[in-house]
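Here's the structure we're looking at; comments come further down.
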Amino acid sequence: MGWFTRVKQGITTSTEEKKETPEGLWYKCPECAEIMTSDDHAKNLWVCAKCQYHERVGSAEYFQFLFDDGKFKEIGADLIAGDPLNFEDTRKYTDRLAKTRQATGLNDALRAAYGKIDKQQAVIACMDFRFIGGSMGSVVGEKIAMAADHAVRNKCPLIIISKSGGARMMEAGFSLMQMAKTSAKLSLLAKKGIPFISVLTDPTTGGVTASFAMLGDINIAEPKALVAFAGPRVVRETIGHDLPPGFQTSEFVLEHGFLDLIVERKDLKTKLSQFILMFRS
C-alpha cells in the first residue's frame, strides 16, 4: 500500500472557484415565468415582453418616464406621519414608520411633484405600495391636498396614480378622514374647471377606491390591475359563492362601467398628454 502526502495547501476545484450570479441581474415574470435581464425589463417600463404583465413600480419609476426628461419638483417632500393614537400592535407604529423609511428611502406612501408632460404643465401624485402597503394616512391626504392646491394656483391638471391596500389602520379615524378631505379638494378642482385624471394600478383597494381613485374626470387603469373596495377573498367569504373569472380586474371593472379605458404602461404618457390637450381645447 502506498502513502501519499499533499505537497500544496489551498488547492481548490473549479466548482469552488465558480462565482455566483449577482443578485438582481435577472427578472423572472411571476405570470408566465419568462426570464429576461433586469435592464431589459426596466427598458420595457417593467412590463413583461412576453405576456405584458405589469410589474408593480413606485413613484420614482412613474416620475422617470412620465415627466419630460425625468425632471420634476417635489411637493411636501419633508412631510412625515405622526402617531396621534400612540398605536401599537405587534410593534409600535413609530418603530414601523422608522423601519419602513429606512428600508424604502421614502417618507410616506405618496409622493407629489410637478413638471411637464410633453411640454404641458401637470401635477402628479403617485402612491408607493412598498410603504406599508401604500396605505392612506394623514400624510397621503395632506400631500394630495397640497398637490390639488398647486394645480389650482397654476391652472394645470392633477394626475393621481393609485396603488394602495386602503386606509392605514394605525391612524384609525384620522386615516378615514382623508377620504372626505381628498374628495373635498377634488370638488374644488371641479369648481375651478381644473381636470383630474385618475390612474388605477395594481392594486387599488379599500378607502382609496372609495374616495379619490374613482372621482376622476377620466378614470383609467393599467391592464389586469386589481380594482376593488374589498378584496376577492373577503367578498368570496362574505357571499359564500365562487366569483366570476377575472373578478375585480381592471378589465372586469371596465366592462361594468366603472372605468373609462385601460391603458398599457408604454402608452400612458401619450394618453395623458392627449387628455391634457383635450381639456385645454
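By order of appearance in the C-alpha cells: chains A, B, ..., then residues from 1 within every chain, and ligands from 1 in the order shown.
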Residues of range 126-171 of chain A that approach range 43-59 of chain A to 9 Å or less, counting only C-alpha atoms: could you list each one with the shortest pair of atoms and its distance in Å to one decimal, rows by chain and increasing residue number, as CSV?
residue,atom,partner,partner_atom,distance
A:Cys126,CA,A:Ser59,CA,5.2
A:Met127,CA,A:Ser59,CA,6.3
A:Asp128,CA,A:Gly58,CA,4.8
A:Phe129,CA,A:Gly58,CA,6.9
A:Arg130,CA,A:Gly58,CA,7.8
A:Ile161,CA,A:Ser59,CA,8.5
A:Lys163,CA,A:Gly58,CA,8.5
(message) Using DSSP assignments from the backbone, pull out every residue in range 137-243 of chain A that falls under strand (DSSP E) and give it to me as a list in words.
(response)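 Taking range 137-243 of chain A and keeping strand (DSSP E) gives Leu158, Ile159, Ile160, Ile161, Ser162, Lys163, Ser164, Phe196, Ile197, Ser198, Val199, Leu200, Thr201, Asp202, Pro203, Thr204, Ile218, Asn219, Ile220 and Ala221 of chain A.
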(request) Can you list, as an NGL selection string, all residues belonging to range 173-237 of chain A that DSSP tags as alpha helix (DSSP H)? (result) :A and (173-192 or 206-209 or 232-237)
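Separating CA of Ala190 in chain A from CA of Thr209 in chain A is a distance of 18.8 Å.
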(request) Select, from A:Glu88, A:Asp39, A:Asp217, A:Asp118, the residue with the minimum atom-to-atom distance to Thr270 in chain A, counting only C-alpha atoms. (result) A:Asp118
(request) Determine the nearest neighbour of Cys156 in chain A from the options A:Ala77, A:Val123, A:Ala230, A:Ile197, counting only C-alpha atoms. (result) A:Val123
(message) Between CA of Lys185 in chain A and CA of Asn107 in chain A, what distance in Å does the model show, to one decimal?
(response) 22.4 Å
(message) Please list as a list in words every residue within 12 Å of Lys119 in chain A, counting only C-alpha atoms and excluding residues in the same chain fewer than 6 positions away.
(response)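 Residues near the query, excluding close chain neighbours: Leu66, Phe67, Asp68, Asp69, Lys71, Cys156, Lys269, Thr270, Leu272, Ser273, Gln274, Ile276 and Leu277 of chain A.
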Export, as a compact mmCIF listing (two decimals), in the first residue's frame, the selected residues with C-alpha atoms.
# COMPACT_ATOMS: atom_id res chain seq x y z
CA LEU A 66 -43.94 60.44 -17.37
CA PHE A 67 -42.24 63.77 -16.74
CA ASP A 68 -40.24 65.18 -19.66
CA ASP A 69 -36.57 64.15 -19.27
CA LYS A 71 -37.36 66.37 -14.41
CA CYS A 156 -52.79 72.74 -14.63
CA LYS A 269 -47.61 59.24 -21.20
CA THR A 270 -49.08 59.66 -24.69
CA LEU A 272 -52.18 61.57 -20.52
CA SER A 273 -50.76 64.16 -22.90
CA GLN A 274 -53.76 63.73 -25.21
CA ILE A 276 -54.44 67.28 -21.07
CA LEU A 277 -54.60 68.77 -24.57
(request) Tell me, as JSON, numbers by chain, which residues lie within 12 Å of Ser187 in chain A, counting only C-alpha atoms; anything in the same chain fewer than 2 positions away does not count. (result) {"A": [145, 148, 149, 152, 180, 181, 182, 183, 184, 185, 189, 190, 191, 192, 193, 194, 195, 196, 211, 212, 215, 216, 217]}
Write a file of the just-selected residues containing C-alpha atoms, as a short mmCIF file (atom, residue, chain, number, x, y, z; two decimals), in the first residue's frame.
data_model
loop_
_atom_site.label_atom_id
_atom_site.label_comp_id
_atom_site.auth_asym_id
_atom_site.auth_seq_id
_atom_site.Cartn_x
_atom_site.Cartn_y
_atom_site.Cartn_z
CA ALA A 145 -54.46 68.37 -0.84
CA ALA A 148 -54.59 69.93 -5.67
CA ASP A 149 -53.81 73.43 -4.38
CA VAL A 152 -55.48 75.27 -8.87
CA ALA A 180 -63.52 63.19 2.91
CA LYS A 181 -60.57 65.59 2.81
CA THR A 182 -59.27 64.42 -0.56
CA SER A 183 -62.77 64.25 -2.04
CA ALA A 184 -63.47 67.82 -0.90
CA LYS A 185 -60.24 69.04 -2.51
CA LEU A 189 -60.79 71.43 -8.64
CA ALA A 190 -64.07 70.69 -10.42
CA LYS A 191 -65.50 74.09 -9.46
CA LYS A 192 -62.37 75.78 -10.85
CA GLY A 193 -62.52 73.76 -14.06
CA ILE A 194 -59.20 72.03 -13.34
CA PRO A 195 -59.11 68.48 -14.77
CA PHE A 196 -58.36 65.49 -12.58
CA SER A 211 -62.65 58.10 -2.38
CA PHE A 212 -60.32 59.91 -4.76
CA LEU A 215 -63.55 60.51 -8.76
CA GLY A 216 -61.54 61.39 -11.85
CA ASP A 217 -62.92 63.33 -14.78
#
(request) May I ask which of the residues A:Glu61, A:Glu34, A:Asp40, A:Glu171 is the closest one to Gly82 in chain A, counting only C-alpha atoms? (result) A:Glu171
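Near Phe72 in chain A, within 12 Å and counting only C-alpha atoms, sit Ser59, Ala60, Tyr62, Phe63, Gln64, Phe65, Leu66, Arg111, Ala112, Ala113, Tyr114, Gly115, Lys116, Ile117, Gln121, Ala122, Val123, Ile124 and Ala125 of chain A; same-chain residues fewer than 6 positions away were not included.
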(message) At a cut-off of 7 Å, using only C-alpha atoms, what residues contact Ser164 in chain A? Leave out same-chain residues fewer than 3 positions from it and give the result as a list in words.
(response)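 Near Ser164 in chain A, the qualifying residues are Phe129, Gly133, Gly134, Ser135, Pro203, Thr204, Thr205 and Val208 of chain A.
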Mind dumping the selected residues with N, CA and C atoms as a PDB file, in the first residue's frame?
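Once everything was written out, this is out_25.pdb:
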ATOM      1  N   PHE A 129     -46.509  51.388  -3.041  1.00  0.00           N
ATOM      2  CA  PHE A 129     -47.023  50.243  -2.296  1.00  0.00           C
ATOM      3  C   PHE A 129     -46.008  49.714  -1.283  1.00  0.00           C
ATOM      4  N   GLY A 133     -47.831  48.999   2.446  1.00  0.00           N
ATOM      5  CA  GLY A 133     -48.889  48.610   1.525  1.00  0.00           C
ATOM      6  C   GLY A 133     -49.583  49.774   0.852  1.00  0.00           C
ATOM      7  N   GLY A 134     -48.858  50.890   0.675  1.00  0.00           N
ATOM      8  CA  GLY A 134     -49.474  52.049   0.040  1.00  0.00           C
ATOM      9  C   GLY A 134     -50.670  52.574   0.809  1.00  0.00           C
ATOM     10  N   SER A 135     -50.678  52.360   2.120  1.00  0.00           N
ATOM     11  CA  SER A 135     -51.849  52.727   2.916  1.00  0.00           C
ATOM     12  C   SER A 135     -51.995  54.247   3.030  1.00  0.00           C
ATOM     13  N   PRO A 203     -52.337  47.054  -6.681  1.00  0.00           N
ATOM     14  CA  PRO A 203     -53.779  47.013  -6.510  1.00  0.00           C
ATOM     15  C   PRO A 203     -54.301  48.387  -6.085  1.00  0.00           C
ATOM     16  N   THR A 204     -55.553  48.666  -6.385  1.00  0.00           N
ATOM     17  CA  THR A 204     -56.207  49.871  -5.857  1.00  0.00           C
ATOM     18  C   THR A 204     -57.437  49.398  -5.111  1.00  0.00           C
ATOM     19  N   THR A 205     -57.400  49.485  -3.788  1.00  0.00           N
ATOM     20  CA  THR A 205     -58.452  48.886  -2.966  1.00  0.00           C
ATOM     21  C   THR A 205     -58.814  49.786  -1.787  1.00  0.00           C
ATOM     22  N   VAL A 208     -59.094  54.058  -0.602  1.00  0.00           N
ATOM     23  CA  VAL A 208     -58.607  54.822  -1.760  1.00  0.00           C
ATOM     24  C   VAL A 208     -59.580  54.669  -2.924  1.00  0.00           C
TER      25      VAL A 208
END
(request) Write out as a PyMOL selection string the residues lying within 12 Å of Met170 in chain A, counting only C-alpha atoms and excluding same-chain residues fewer than 5 positions away. (result) chain A and resi 81-97+132+135-138+175-176
Can those selected residues be exported to a file as a short mmCIF file (atom, residue, chain, number, x, y, z; two decimals), in the first residue's frame so that it contains N, CA and C atoms?
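Everything below was put into selection15.cif:
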data_model
loop_
_atom_site.label_atom_id
_atom_site.label_comp_id
_atom_site.auth_asym_id
_atom_site.auth_seq_id
_atom_site.Cartn_x
_atom_site.Cartn_y
_atom_site.Cartn_z
N ALA A 81 -45.38 61.18 8.96
CA ALA A 81 -46.56 60.88 9.79
C ALA A 81 -46.24 61.00 11.27
N GLY A 82 -47.23 61.46 12.03
CA GLY A 82 -47.15 61.44 13.48
C GLY A 82 -47.79 60.16 14.01
N ASP A 83 -47.93 60.10 15.32
CA ASP A 83 -48.55 58.93 15.96
C ASP A 83 -49.59 59.42 16.95
N PRO A 84 -50.70 59.99 16.44
CA PRO A 84 -51.67 60.64 17.33
C PRO A 84 -52.35 59.68 18.30
N LEU A 85 -52.36 58.38 18.00
CA LEU A 85 -53.06 57.41 18.84
C LEU A 85 -52.12 56.58 19.72
N ASN A 86 -50.80 56.87 19.61
CA ASN A 86 -49.80 56.03 20.31
C ASN A 86 -50.08 54.55 20.02
N PHE A 87 -50.22 54.25 18.75
CA PHE A 87 -50.69 52.92 18.33
C PHE A 87 -49.60 51.88 18.46
N GLU A 88 -50.02 50.69 18.89
CA GLU A 88 -49.08 49.57 18.97
C GLU A 88 -49.85 48.27 18.75
N ASP A 89 -49.37 47.46 17.76
CA ASP A 89 -49.93 46.12 17.61
C ASP A 89 -48.82 45.12 17.87
N THR A 90 -48.24 44.52 16.82
CA THR A 90 -47.08 43.66 17.04
C THR A 90 -45.84 44.47 17.37
N ARG A 91 -45.86 45.76 17.01
CA ARG A 91 -44.80 46.68 17.39
C ARG A 91 -45.35 48.09 17.36
N LYS A 92 -44.62 49.04 17.85
CA LYS A 92 -45.07 50.42 17.88
C LYS A 92 -45.13 51.00 16.47
N TYR A 93 -46.14 51.82 16.25
CA TYR A 93 -46.31 52.47 14.95
C TYR A 93 -45.09 53.32 14.60
N THR A 94 -44.55 54.01 15.60
CA THR A 94 -43.37 54.84 15.35
C THR A 94 -42.19 54.00 14.89
N ASP A 95 -42.03 52.80 15.46
CA ASP A 95 -40.95 51.91 15.05
C ASP A 95 -41.18 51.39 13.63
N ARG A 96 -42.43 51.09 13.32
CA ARG A 96 -42.77 50.60 11.98
C ARG A 96 -42.48 51.68 10.92
N LEU A 97 -42.84 52.92 11.26
CA LEU A 97 -42.58 54.03 10.34
C LEU A 97 -41.09 54.22 10.11
N ILE A 132 -45.76 50.48 3.71
CA ILE A 132 -46.90 49.94 4.48
C ILE A 132 -48.08 49.70 3.55
N SER A 135 -50.68 52.36 2.12
CA SER A 135 -51.85 52.73 2.92
C SER A 135 -52.00 54.25 3.03
N MET A 136 -53.25 54.69 3.09
CA MET A 136 -53.56 56.10 3.15
C MET A 136 -53.70 56.56 4.59
N GLY A 137 -52.78 57.40 5.01
CA GLY A 137 -52.84 58.03 6.31
C GLY A 137 -52.93 59.54 6.14
N SER A 138 -52.67 60.28 7.22
CA SER A 138 -52.81 61.73 7.19
C SER A 138 -51.84 62.40 6.23
N SER A 175 -57.10 58.42 9.57
CA SER A 175 -56.94 57.91 8.21
C SER A 175 -58.24 58.00 7.43
N LEU A 176 -59.34 57.59 8.05
CA LEU A 176 -60.63 57.62 7.36
C LEU A 176 -61.05 59.04 7.00
#
